[in-house]
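Participant: my_file-v4.txt is reproduced in full below (compact mmCIF, C-alpha atoms).
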```
# COMPACT_ATOMS: atom_id res chain seq x y z
CA MET A 11 178.38 97.50 20.24
CA VAL A 12 178.64 101.06 19.11
CA LYS A 13 176.93 103.84 20.95
CA GLU A 14 174.50 105.50 18.57
CA ASN A 15 172.83 108.77 19.28
CA ASN A 16 169.81 110.27 17.65
CA LYS A 17 169.09 113.79 18.77
CA PRO A 18 165.52 114.99 19.24
CA GLY A 19 163.64 117.11 16.76
CA GLU A 20 165.57 118.31 13.76
CA ARG A 21 168.70 116.79 15.24
CA ASP A 22 167.14 113.41 14.44
CA THR A 23 169.13 113.74 11.25
CA MET A 24 172.44 113.64 13.14
CA ARG A 25 173.81 110.24 14.02
CA SER A 26 176.97 109.49 15.91
CA ARG A 27 178.86 106.22 16.13
CA ARG A 28 181.65 105.80 18.63
CA ILE A 29 184.53 103.35 18.27
CA LEU A 30 187.61 102.67 20.31
CA LEU A 31 191.00 102.86 18.61
CA LYS A 32 193.79 100.38 19.34
CA ASP A 33 195.56 102.83 21.61
CA GLY A 34 192.43 103.38 23.70
CA ARG A 35 191.30 106.68 22.26
CA TYR A 36 187.70 107.15 21.22
CA MET A 37 186.61 108.27 17.77
CA ILE A 38 183.10 109.49 16.94
CA PHE A 39 181.78 109.35 13.38
CA TYR A 40 178.97 111.81 12.68
CA THR A 41 176.63 111.30 9.75
CA PHE A 42 173.69 113.42 8.65
CA GLY A 43 171.62 111.29 6.35
CA ASN A 44 168.80 113.72 5.68
CA LEU A 45 171.09 116.71 5.57
CA SER A 46 173.51 115.44 2.96
CA PRO A 47 172.91 117.29 -0.29
CA GLU A 48 173.92 114.17 -2.16
CA GLY A 49 171.90 111.96 0.17
CA SER A 50 174.89 109.65 0.26
CA SER A 51 175.39 109.12 3.96
CA THR A 52 174.92 105.55 5.04
CA PRO A 53 173.13 104.56 8.22
CA SER A 54 175.19 103.87 11.29
CA LYS A 55 176.17 100.26 11.78
CA PRO A 56 176.93 98.46 15.03
CA GLU A 57 180.53 97.72 15.94
CA THR A 58 182.62 97.69 19.06
CA ASP A 59 180.94 99.47 21.90
CA THR A 60 182.82 102.09 23.82
CA PRO A 61 181.50 104.09 26.71
CA SER A 62 181.28 107.82 26.71
CA LEU A 63 184.03 109.57 28.58
CA ASN A 64 184.40 107.69 31.81
CA ALA A 65 183.90 110.42 34.32
CA GLU A 66 181.33 111.98 36.56
CA ARG A 67 178.94 114.30 34.81
CA LYS A 68 177.24 117.49 35.70
CA ASN A 69 174.41 119.50 34.24
CA VAL A 70 175.50 121.93 31.53
CA MET B 28 204.45 113.79 30.09
CA SER B 29 202.30 116.75 30.91
CA GLU B 30 201.27 118.79 33.92
CA LEU B 31 199.84 122.18 34.80
CA ARG B 32 202.15 124.68 36.43
CA PHE B 33 200.80 127.88 37.96
CA ASN B 34 202.37 131.20 37.07
CA PRO B 35 201.97 133.33 40.22
CA LEU B 36 203.10 136.44 38.35
CA LEU B 37 200.11 136.37 36.03
CA GLY B 38 197.78 134.13 37.98
CA GLU B 39 197.60 131.70 35.04
CA TRP B 40 198.12 128.01 34.42
CA VAL B 41 200.72 126.84 31.89
CA ALA B 42 200.58 123.31 30.47
CA THR B 43 203.76 121.37 29.88
CA ALA B 44 203.29 118.66 27.25
CA THR B 45 206.66 117.24 26.32
CA GLN B 46 205.16 114.42 24.23
CA ARG B 47 203.97 117.02 21.73
CA GLN B 48 207.57 117.55 20.63
CA ASP B 49 207.23 114.25 18.76
CA ARG B 50 203.96 115.00 16.98
CA THR B 51 203.72 114.63 13.22
CA PHE B 52 205.11 117.71 11.51
CA LEU B 53 204.08 118.59 7.95
CA PRO B 54 204.11 115.03 6.56
CA PRO B 55 204.83 114.53 2.83
CA PRO B 56 201.90 114.22 0.39
CA GLY B 57 200.23 110.84 0.68
CA PHE B 58 201.18 110.36 4.32
CA CYS B 59 198.62 112.51 6.11
CA PRO B 60 197.66 110.79 9.39
CA LEU B 61 194.23 112.43 9.31
CA CYS B 62 193.20 111.04 5.90
CA PRO B 63 191.10 107.86 5.95
CA THR B 64 193.18 104.68 5.75
CA LYS B 65 193.16 103.38 2.20
CA PRO B 66 193.10 99.64 1.38
CA GLY B 67 196.72 98.53 1.20
CA GLY B 68 197.90 101.96 2.28
CA PHE B 69 199.70 102.99 5.42
CA PRO B 70 197.49 102.98 8.52
CA THR B 71 196.38 106.48 9.35
CA GLU B 72 194.59 107.54 12.53
CA VAL B 73 191.18 107.33 10.82
CA PRO B 74 190.15 103.78 9.87
CA GLU B 75 187.03 104.74 7.87
CA SER B 76 186.03 107.26 5.25
CA ASP B 77 182.24 106.97 5.49
CA TYR B 78 181.47 110.01 7.59
CA ASP B 79 180.47 113.64 7.41
CA ILE B 80 182.50 114.83 10.40
CA VAL B 81 184.72 112.97 12.86
CA ALA B 82 185.71 113.86 16.42
CA PHE B 83 188.42 111.98 18.26
CA GLU B 84 190.91 112.29 21.07
CA ASN B 85 194.14 113.98 20.06
CA ARG B 86 197.04 111.53 19.78
CA PHE B 87 199.36 114.17 21.27
CA PRO B 88 197.19 115.83 23.91
CA SER B 89 198.11 118.70 26.19
CA LEU B 90 195.32 117.62 28.55
CA LYS B 91 194.32 114.05 29.35
CA THR B 92 191.17 112.47 30.76
CA VAL B 93 193.33 110.37 33.06
CA PRO B 94 196.54 112.36 33.46
CA GLU B 95 199.74 111.19 35.06
CA GLU B 96 200.93 112.71 38.30
CA PRO B 97 203.19 115.75 37.94
CA VAL B 98 206.89 115.00 37.70
CA ILE B 99 207.79 117.77 40.09
CA PRO B 100 206.28 118.39 43.52
CA PRO B 101 204.62 121.71 44.30
CA THR B 102 206.23 124.25 46.62
CA GLU B 103 204.69 127.00 48.67
CA LEU B 104 205.29 129.38 45.75
CA TYR B 105 204.72 127.08 42.78
CA ALA B 106 201.48 125.15 42.45
CA VAL B 107 201.38 122.18 40.11
CA ARG B 108 198.53 119.82 39.23
CA PRO B 109 197.78 116.99 36.82
CA SER B 110 196.83 118.20 33.37
CA GLN B 111 193.35 116.76 33.43
CA GLY B 112 191.11 117.68 30.52
CA VAL B 113 190.27 116.52 27.02
CA CYS B 114 191.85 117.41 23.67
CA GLU B 115 189.86 116.47 20.60
CA VAL B 116 190.45 116.81 16.87
CA ILE B 117 187.47 117.54 14.59
CA LEU B 118 187.89 116.51 10.95
CA TYR B 119 185.74 118.64 8.67
CA SER B 120 185.97 116.24 5.73
CA PRO B 121 187.56 112.95 4.59
CA VAL B 122 189.04 114.95 1.69
CA HIS B 123 192.58 116.19 2.27
CA ASP B 124 192.91 119.02 -0.22
CA THR B 125 190.12 121.27 0.97
CA THR B 126 189.39 123.84 3.65
CA LEU B 127 186.50 124.85 5.85
CA ALA B 128 185.98 127.86 3.60
CA ALA B 129 185.56 125.59 0.58
CA GLN B 130 182.88 123.46 2.21
CA PRO B 131 179.26 123.91 1.14
CA VAL B 132 177.16 125.75 3.69
CA GLU B 133 175.37 122.48 4.48
CA GLN B 134 178.67 121.06 5.77
CA LEU B 135 179.13 124.09 8.01
CA TYR B 136 175.62 123.52 9.33
CA LYS B 137 176.62 119.96 10.21
CA LEU B 138 179.74 121.27 11.90
CA VAL B 139 177.68 123.65 14.04
CA LYS B 140 175.63 120.66 15.18
CA VAL B 141 178.75 118.65 15.97
CA TRP B 142 180.24 121.58 17.88
CA ARG B 143 177.04 121.73 19.89
CA ASP B 144 177.18 118.01 20.60
CA ARG B 145 180.81 118.14 21.72
CA PHE B 146 180.16 121.21 23.90
CA THR B 147 177.32 119.36 25.59
CA GLU B 148 179.21 116.12 26.18
CA LEU B 149 182.54 117.59 27.22
CA GLY B 150 180.98 120.38 29.27
CA ALA B 151 179.05 117.80 31.27
CA LEU B 152 182.26 116.19 32.54
CA ASP B 153 182.80 116.95 36.17
CA PHE B 154 186.43 118.02 35.71
CA VAL B 155 185.75 120.26 32.70
CA LYS B 156 185.18 123.93 33.46
CA TYR B 157 185.47 125.32 29.95
CA VAL B 158 185.05 123.87 26.44
CA PHE B 159 187.15 125.77 23.93
CA ILE B 160 186.45 125.10 20.25
CA PHE B 161 188.99 126.50 17.81
CA GLU B 162 190.79 126.10 14.53
CA ASN B 163 194.35 126.94 13.55
CA LYS B 164 194.50 127.30 9.79
CA GLY B 165 197.70 127.69 7.81
CA GLU B 166 201.39 127.32 8.54
CA ALA B 167 201.47 131.02 9.42
CA VAL B 168 199.70 130.17 12.68
CA GLY B 169 201.68 127.00 13.34
CA VAL B 170 199.60 124.32 11.64
CA THR B 171 201.49 121.02 11.35
CA LEU B 172 198.83 119.00 9.48
CA HIS B 173 197.01 120.42 6.47
CA HIS B 174 194.02 118.07 6.50
CA PRO B 175 191.03 120.37 7.23
CA HIS B 176 190.42 120.14 10.95
CA GLY B 177 189.64 122.05 14.09
CA GLN B 178 190.28 121.23 17.72
CA ILE B 179 188.62 121.28 21.11
CA TYR B 180 190.35 121.78 24.43
CA ALA B 181 188.22 120.97 27.46
CA TYR B 182 190.03 122.78 30.27
CA PRO B 183 189.87 122.07 34.00
CA PHE B 184 189.63 125.84 34.60
CA VAL B 185 188.19 128.89 32.87
CA PRO B 186 190.99 130.20 30.61
CA PRO B 187 192.22 133.72 31.33
CA LYS B 188 190.94 135.39 28.18
CA VAL B 189 187.38 134.19 28.71
CA GLU B 190 187.61 135.01 32.38
CA GLN B 191 188.65 138.55 31.52
CA GLU B 192 185.83 138.91 29.01
CA SER B 193 183.34 137.54 31.51
CA GLU B 194 184.52 140.02 34.16
CA GLN B 195 184.20 142.93 31.74
CA CYS B 196 180.73 141.78 30.69
CA LEU B 197 179.67 141.48 34.32
CA LEU B 198 181.00 144.96 35.16
CA HIS B 199 179.15 146.43 32.18
CA MET B 200 175.92 144.71 33.15
CA GLN B 201 176.23 145.90 36.75
CA LYS B 202 176.91 149.44 35.54
CA THR B 203 174.32 149.72 32.77
CA GLY B 204 171.94 146.80 33.19
CA ARG B 205 172.78 145.76 29.64
CA CYS B 206 174.89 143.08 27.97
CA LEU B 207 178.27 144.34 26.75
CA LEU B 208 178.27 142.24 23.56
CA CYS B 209 174.70 143.28 22.76
CA ASP B 210 175.86 146.90 23.12
CA ILE B 211 178.92 146.26 20.93
CA VAL B 212 176.77 144.73 18.19
CA ALA B 213 174.35 147.68 18.41
CA GLU B 214 177.24 150.18 18.27
CA GLU B 215 178.85 148.43 15.28
CA LYS B 216 175.51 148.35 13.44
CA ARG B 217 174.86 152.02 14.27
CA PHE B 218 178.30 153.10 13.04
CA GLY B 219 178.11 150.74 10.10
CA GLN B 220 181.54 151.21 8.59
CA ARG B 221 183.07 148.25 10.41
CA MET B 222 180.23 145.86 9.56
CA VAL B 223 181.09 143.02 7.19
CA VAL B 224 177.80 141.13 6.87
CA GLU B 225 174.76 140.23 8.94
CA ASN B 226 171.71 138.00 8.81
CA ASP B 227 168.67 137.57 11.03
CA SER B 228 170.64 135.95 13.85
CA PHE B 229 174.30 137.00 13.58
CA ALA B 230 176.45 140.03 12.82
CA ALA B 231 180.03 139.92 11.50
CA TYR B 232 182.24 142.97 11.94
CA ILE B 233 185.83 144.06 12.53
CA PRO B 234 185.44 145.62 15.96
CA PHE B 235 186.46 149.14 16.93
CA PHE B 236 189.19 147.63 19.10
CA ALA B 237 190.55 145.03 16.62
CA ARG B 238 194.18 144.03 17.21
CA TYR B 239 194.71 142.41 13.79
CA PRO B 240 193.91 144.10 10.46
CA TYR B 241 191.24 141.53 9.53
CA GLU B 242 190.21 140.48 13.06
CA THR B 243 186.59 139.59 12.46
CA HIS B 244 184.03 138.86 15.14
CA ILE B 245 180.74 137.04 14.61
CA SER B 246 178.27 137.73 17.41
CA ALA B 247 174.80 136.40 18.06
CA LYS B 248 172.20 139.15 17.79
CA ARG B 249 170.05 137.49 20.41
CA HIS B 250 171.46 137.52 23.92
CA LEU B 251 172.61 133.93 24.42
CA GLN B 252 175.59 132.26 26.01
CA ALA B 253 176.39 129.06 24.12
CA LEU B 254 175.74 126.93 21.05
CA THR B 255 173.23 124.97 23.10
CA ASP B 256 171.02 128.07 23.25
CA LEU B 257 170.70 128.28 19.45
CA THR B 258 167.45 127.50 17.67
CA SER B 259 167.63 125.45 14.48
CA GLU B 260 167.16 128.61 12.46
CA GLU B 261 170.02 130.28 14.33
CA GLU B 262 172.22 127.25 13.63
CA ARG B 263 171.52 127.71 9.93
CA ASP B 264 172.24 131.43 10.18
CA LEU B 265 175.53 130.73 11.95
CA ALA B 266 176.55 128.30 9.21
CA ALA B 267 175.59 130.85 6.57
CA ILE B 268 177.54 133.77 8.03
CA LEU B 269 180.57 131.53 8.68
CA LYS B 270 180.50 130.50 5.03
CA GLN B 271 180.31 134.10 3.88
CA VAL B 272 183.14 135.33 6.10
CA LEU B 273 185.45 132.37 5.37
CA ALA B 274 184.88 132.67 1.63
CA ALA B 275 185.58 136.41 1.76
CA PHE B 276 188.82 135.75 3.68
CA ASP B 277 190.07 133.47 0.87
CA LYS B 278 189.22 136.07 -1.76
CA LEU B 279 191.17 138.85 -0.04
CA PHE B 280 194.55 137.85 -1.44
CA ASP B 281 193.47 134.84 -3.54
CA VAL B 282 195.17 132.45 -1.13
CA PRO B 283 193.85 130.08 1.53
CA PHE B 284 193.68 132.71 4.26
CA PRO B 285 195.37 131.67 7.53
CA TYR B 286 193.56 132.39 10.76
CA ILE B 287 192.88 131.31 14.31
CA MET B 288 189.15 130.80 14.88
CA SER B 289 188.07 130.96 18.49
CA LEU B 290 184.57 130.21 19.82
CA HIS B 291 183.79 132.03 23.05
CA GLN B 292 180.96 130.44 25.02
CA ARG B 293 179.99 130.48 28.66
CA PRO B 294 182.03 128.35 31.07
CA THR B 295 180.68 124.95 32.10
CA ASP B 296 181.96 125.15 35.66
CA ASN B 297 178.52 125.31 37.30
CA ASN B 298 179.89 128.35 39.08
CA GLY B 299 176.84 130.53 39.10
CA ASP B 300 175.02 132.41 36.43
CA TYR B 301 176.69 133.47 33.19
CA ASP B 302 173.73 135.46 31.91
CA HIS B 303 176.05 138.47 31.55
CA TYR B 304 178.14 136.58 28.96
CA HIS B 305 177.41 136.42 25.23
CA PHE B 306 178.35 133.82 22.62
CA HIS B 307 180.59 135.03 19.82
CA ILE B 308 183.35 133.85 17.49
CA GLU B 309 186.64 135.67 17.01
CA PHE B 310 188.99 135.28 14.04
CA TYR B 311 192.64 136.34 14.34
CA PRO B 312 194.15 136.32 10.83
CA PRO B 313 197.90 137.05 10.86
CA MET B 314 198.06 138.47 7.31
CA ARG B 315 198.13 142.26 7.09
CA THR B 316 198.88 142.40 3.36
CA ALA B 317 199.28 139.82 0.59
CA ASN B 318 202.89 139.25 1.61
CA LYS B 319 203.23 140.58 5.14
CA LEU B 320 202.35 138.98 8.44
CA LYS B 321 201.44 140.54 11.75
CA PHE B 322 203.87 139.19 14.36
CA LEU B 323 203.46 139.28 18.11
CA ALA B 324 206.54 141.37 18.86
CA GLY B 325 207.81 143.36 21.82
CA SER B 326 204.72 145.32 22.75
CA GLU B 327 202.29 142.46 22.08
CA ALA B 328 204.30 139.58 23.59
CA GLY B 329 206.16 141.52 26.26
CA ALA B 330 203.59 144.01 27.42
CA GLY B 331 200.28 142.66 26.21
CA MET B 332 199.46 145.76 24.18
CA PHE B 333 198.64 145.13 20.56
CA ILE B 334 199.53 147.61 17.85
CA ASN B 335 197.29 147.43 14.80
CA ASP B 336 198.95 148.95 11.74
CA THR B 337 195.57 149.48 10.10
CA LEU B 338 192.15 150.92 10.83
CA PRO B 339 189.14 148.59 11.14
CA GLU B 340 187.14 151.26 9.31
CA THR B 341 189.25 150.71 6.17
CA LYS B 342 189.68 146.93 6.45
CA ALA B 343 186.04 145.98 7.01
CA PRO B 344 184.91 147.45 3.66
CA GLU B 345 187.57 145.33 1.91
CA LEU B 346 185.97 142.20 3.33
CA LYS B 347 182.44 143.48 2.87
CA LYS B 348 182.80 143.89 -0.87
CA LEU B 349 183.88 140.23 -1.13
CA ILE B 350 180.79 138.90 0.65
CA ARG B 351 178.56 136.77 -1.57
CA PRO B 352 175.08 135.33 -1.00
CA VAL B 353 174.88 131.84 0.42
CA GLU B 354 173.22 129.16 -1.66
CA TRP B 355 171.55 126.35 0.26
CA LYS B 356 170.88 123.10 -1.56
CA ILE B 357 168.64 121.73 1.20
```
Could you spell out this file's structure in structure tokens?
Facilitator:
Amino acid sequence: MVKENNKPGERDTMRSRRILLKDGRYMIFYTFGNLSPEGSSTPSKPETDTPSLNAERKNV
Amino acid sequence: MSELRFNPLLGEWVATATQRQDRTFLPPPGFCPLCPTKPGGFPTEVPESDYDIVAFENRFPSLKTVPEEPVIPPTELYAVRPSQGVCEVILYSPVHDTTLAAQPVEQLYKLVKVWRDRFTELGALDFVKYVFIFENKGEAVGVTLHHPHGQIYAYPFVPPKVEQESEQCLLHMQKTGRCLLCDIVAEEKRFGQRMVVENDSFAAYIPFFARYPYETHISAKRHLQALTDLTSEEERDLAAILKQVLAAFDKLFDVPFPYIMSLHQRPTDNNGDYDHYHFHIEFYPPMRTANKLKFLAGSEAGAGMFINDTLPETKAPELKKLIRPVEWKI
């Protein structure tokens, strides 16, 4: 399953979909449905899930 | 293989990254590894084209999330450590023959939001102390792939240039009680001649101390430290002023204007308060005329002192007269 993110507030329009490439690298596709002037962005669709960067996190 | 070696003479880390010698170098038309893979075409790095912006780990990274151990042991004099960090590529568009300057302002607004997202995620990693967002544009600054893209290096330390800026900002705040960048913006606005353009939230100018003829800085007018401090309106204003400056660059000599774009935000090292620091963007364009480049020669490379063959007071008006209004479609 793909990790999808919807940001709060205005950032609700930003969606991210993360996939794992064959060599193990991650790739994140960002789409902005409501922001696209052409309105052409398609909704995110589920695929292979990959975790976020596998490391300890801190507050930023 | 890659590792970080410490230079005790300068007190700086140097990354070795021998695998980068094999990275793709100016591929022929039709074989760009950053274009989306086409049905029946050769497999590129990007399997899909249905996106606005893509971020992914660099195939030839200088820093790795899980780095190998150094090939050489440290000595009492020479420190060495694994090159832990993250190197990402940010594709601005699935279209190959375009540039950031040519994007509509709405696309730049999206990019600002993606930058913010990457800063937040990478900066939250325990081993990341600084998230550096940048773009190298044009062969004049060493670009090897022309597909419009920027990069992010998430360093395991605060890089020296930002550290130096932070120290100077702290000294100024201790001396005057004011932010150095806020004072610089106020001084540039007061003097006026070096201003390029401004809006409610940002000011673009060629600073008094510019090292390159068209070295343009974009600084937040409000005292803030990172993209994560921006309001939605400020994000729009940042996109707008970026669009204006980038478009003016391309009009200067009627060529896609090469530059290095460098976003300077606060460190993410959880090492105290960075309230003295101030978010800004610096552009280092190497062109000094339509057919002459500024090289880092003896004084610049050997001594660290830049010689600018021009005056910011005469170069800023050249850019200013090329600034056009921004047209939002949304």
Participant: Please identify every residue of chain B that has at least one atom no more than 10 Å from any atom of chain A, counting all atoms listed in the file, and report them as a VMD selection string.
Facilitator: chain B and resid 72 to 86 92 to 93 113 115 to 118 131 133 to 134 136 to 138 140 to 141 144 146 to 155 255 259 294 to 297 355 to 357
Participant: Go through B:His303, B:His244, B:His174, B:His123 one by one, measure the shortest atom-to-atom distance of each to Gln195 of chain B using only C-alpha atoms, and give the residue with the smallest value.
Facilitator: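 Among the listed residues, B:His303 lies closest to Gln195 of chain B.
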Participant: What is the distance, in Å and to one decimal place, between atom CA of Gln252 of chain B and atom CA of Leu273 of chain B?
Facilitator: 22.9 Å
Participant: What gap, in Å, lies between atom CA of Pro175 of chain B and atom CA of Val122 of chain B?
Facilitator: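 Between atom CA of Pro175 of chain B and atom CA of Val122 of chain B the gap is 8.0 Å.
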Participant: Mind pulling up the distance from atom CA of Trp142 of chain B to atom CA of Cys59 of chain B?
Facilitator: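 Calculated distance between atom CA of Cys59 of chain B and atom CA of Trp142 of chain B is 23.6 Å.
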Participant: Missing atoms in segment 203-225 of chain B: fill them in up to N, CA and C atoms and send the result as a PDB file, in the coordinates of the input.
Facilitator:
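What ended up in out.pdb:
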```
ATOM      1  N   THR B 203     175.335 149.212  33.698  1.00  0.00           N
ATOM      2  CA  THR B 203     174.320 149.720  32.770  1.00  0.00           C
ATOM      3  C   THR B 203     173.022 148.913  32.758  1.00  0.00           C
ATOM      4  N   GLY B 204     173.097 147.694  33.273  1.00  0.00           N
ATOM      5  CA  GLY B 204     171.940 146.800  33.190  1.00  0.00           C
ATOM      6  C   GLY B 204     171.818 146.139  31.831  1.00  0.00           C
ATOM      7  N   ARG B 205     172.840 146.329  30.990  1.00  0.00           N
ATOM      8  CA  ARG B 205     172.780 145.760  29.640  1.00  0.00           C
ATOM      9  C   ARG B 205     173.972 144.827  29.389  1.00  0.00           C
ATOM     10  N   CYS B 206     173.813 143.983  28.379  1.00  0.00           N
ATOM     11  CA  CYS B 206     174.890 143.080  27.970  1.00  0.00           C
ATOM     12  C   CYS B 206     175.929 143.849  27.152  1.00  0.00           C
ATOM     13  N   LEU B 207     177.204 143.642  27.461  1.00  0.00           N
ATOM     14  CA  LEU B 207     178.270 144.340  26.750  1.00  0.00           C
ATOM     15  C   LEU B 207     178.309 143.966  25.274  1.00  0.00           C
ATOM     16  N   LEU B 208     178.213 142.669  24.966  1.00  0.00           N
ATOM     17  CA  LEU B 208     178.270 142.240  23.560  1.00  0.00           C
ATOM     18  C   LEU B 208     177.047 142.733  22.789  1.00  0.00           C
ATOM     19  N   CYS B 209     175.889 142.737  23.433  1.00  0.00           N
ATOM     20  CA  CYS B 209     174.700 143.280  22.760  1.00  0.00           C
ATOM     21  C   CYS B 209     174.939 144.761  22.433  1.00  0.00           C
ATOM     22  N   ASP B 210     175.561 145.479  23.360  1.00  0.00           N
ATOM     23  CA  ASP B 210     175.860 146.900  23.120  1.00  0.00           C
ATOM     24  C   ASP B 210     176.897 147.063  22.009  1.00  0.00           C
ATOM     25  N   ILE B 211     177.886 146.178  21.985  1.00  0.00           N
ATOM     26  CA  ILE B 211     178.920 146.260  20.930  1.00  0.00           C
ATOM     27  C   ILE B 211     178.280 146.025  19.561  1.00  0.00           C
ATOM     28  N   VAL B 212     177.435 145.001  19.469  1.00  0.00           N
ATOM     29  CA  VAL B 212     176.770 144.730  18.190  1.00  0.00           C
ATOM     30  C   VAL B 212     175.920 145.943  17.769  1.00  0.00           C
ATOM     31  N   ALA B 213     175.195 146.510  18.720  1.00  0.00           N
ATOM     32  CA  ALA B 213     174.350 147.680  18.410  1.00  0.00           C
ATOM     33  C   ALA B 213     175.209 148.853  17.944  1.00  0.00           C
ATOM     34  N   GLU B 214     176.339 149.063  18.622  1.00  0.00           N
ATOM     35  CA  GLU B 214     177.240 150.180  18.270  1.00  0.00           C
ATOM     36  C   GLU B 214     177.838 149.961  16.874  1.00  0.00           C
ATOM     37  N   GLU B 215     178.265 148.713  16.591  1.00  0.00           N
ATOM     38  CA  GLU B 215     178.850 148.430  15.280  1.00  0.00           C
ATOM     39  C   GLU B 215     177.797 148.604  14.168  1.00  0.00           C
ATOM     40  N   LYS B 216     176.570 148.182  14.450  1.00  0.00           N
ATOM     41  CA  LYS B 216     175.510 148.350  13.440  1.00  0.00           C
ATOM     42  C   LYS B 216     175.195 149.833  13.258  1.00  0.00           C
ATOM     43  N   ARG B 217     175.162 150.587  14.357  1.00  0.00           N
ATOM     44  CA  ARG B 217     174.860 152.020  14.270  1.00  0.00           C
ATOM     45  C   ARG B 217     175.931 152.740  13.455  1.00  0.00           C
ATOM     46  N   PHE B 218     177.207 152.427  13.743  1.00  0.00           N
ATOM     47  CA  PHE B 218     178.300 153.100  13.040  1.00  0.00           C
ATOM     48  C   PHE B 218     178.393 152.607  11.587  1.00  0.00           C
ATOM     49  N   GLY B 219     178.257 151.308  11.439  1.00  0.00           N
ATOM     50  CA  GLY B 219     178.110 150.740  10.100  1.00  0.00           C
ATOM     51  C   GLY B 219     179.370 150.449   9.328  1.00  0.00           C
ATOM     52  N   GLN B 220     180.371 151.309   9.458  1.00  0.00           N
ATOM     53  CA  GLN B 220     181.540 151.210   8.590  1.00  0.00           C
ATOM     54  C   GLN B 220     182.401 149.969   8.862  1.00  0.00           C
ATOM     55  N   ARG B 221     182.270 149.431  10.062  1.00  0.00           N
ATOM     56  CA  ARG B 221     183.070 148.250  10.410  1.00  0.00           C
ATOM     57  C   ARG B 221     182.291 146.950  10.227  1.00  0.00           C
ATOM     58  N   MET B 222     181.040 147.061   9.795  1.00  0.00           N
ATOM     59  CA  MET B 222     180.230 145.860   9.560  1.00  0.00           C
ATOM     60  C   MET B 222     180.709 145.142   8.299  1.00  0.00           C
ATOM     61  N   VAL B 223     180.714 143.823   8.352  1.00  0.00           N
ATOM     62  CA  VAL B 223     181.090 143.020   7.190  1.00  0.00           C
ATOM     63  C   VAL B 223     179.847 142.391   6.561  1.00  0.00           C
ATOM     64  N   VAL B 224     179.032 141.748   7.378  1.00  0.00           N
ATOM     65  CA  VAL B 224     177.800 141.130   6.870  1.00  0.00           C
ATOM     66  C   VAL B 224     176.936 140.786   8.084  1.00  0.00           C
ATOM     67  N   GLU B 225     175.647 140.684   7.875  1.00  0.00           N
ATOM     68  CA  GLU B 225     174.760 140.230   8.940  1.00  0.00           C
ATOM     69  C   GLU B 225     173.596 139.461   8.346  1.00  0.00           C
TER      70      GLU B 225
END
```
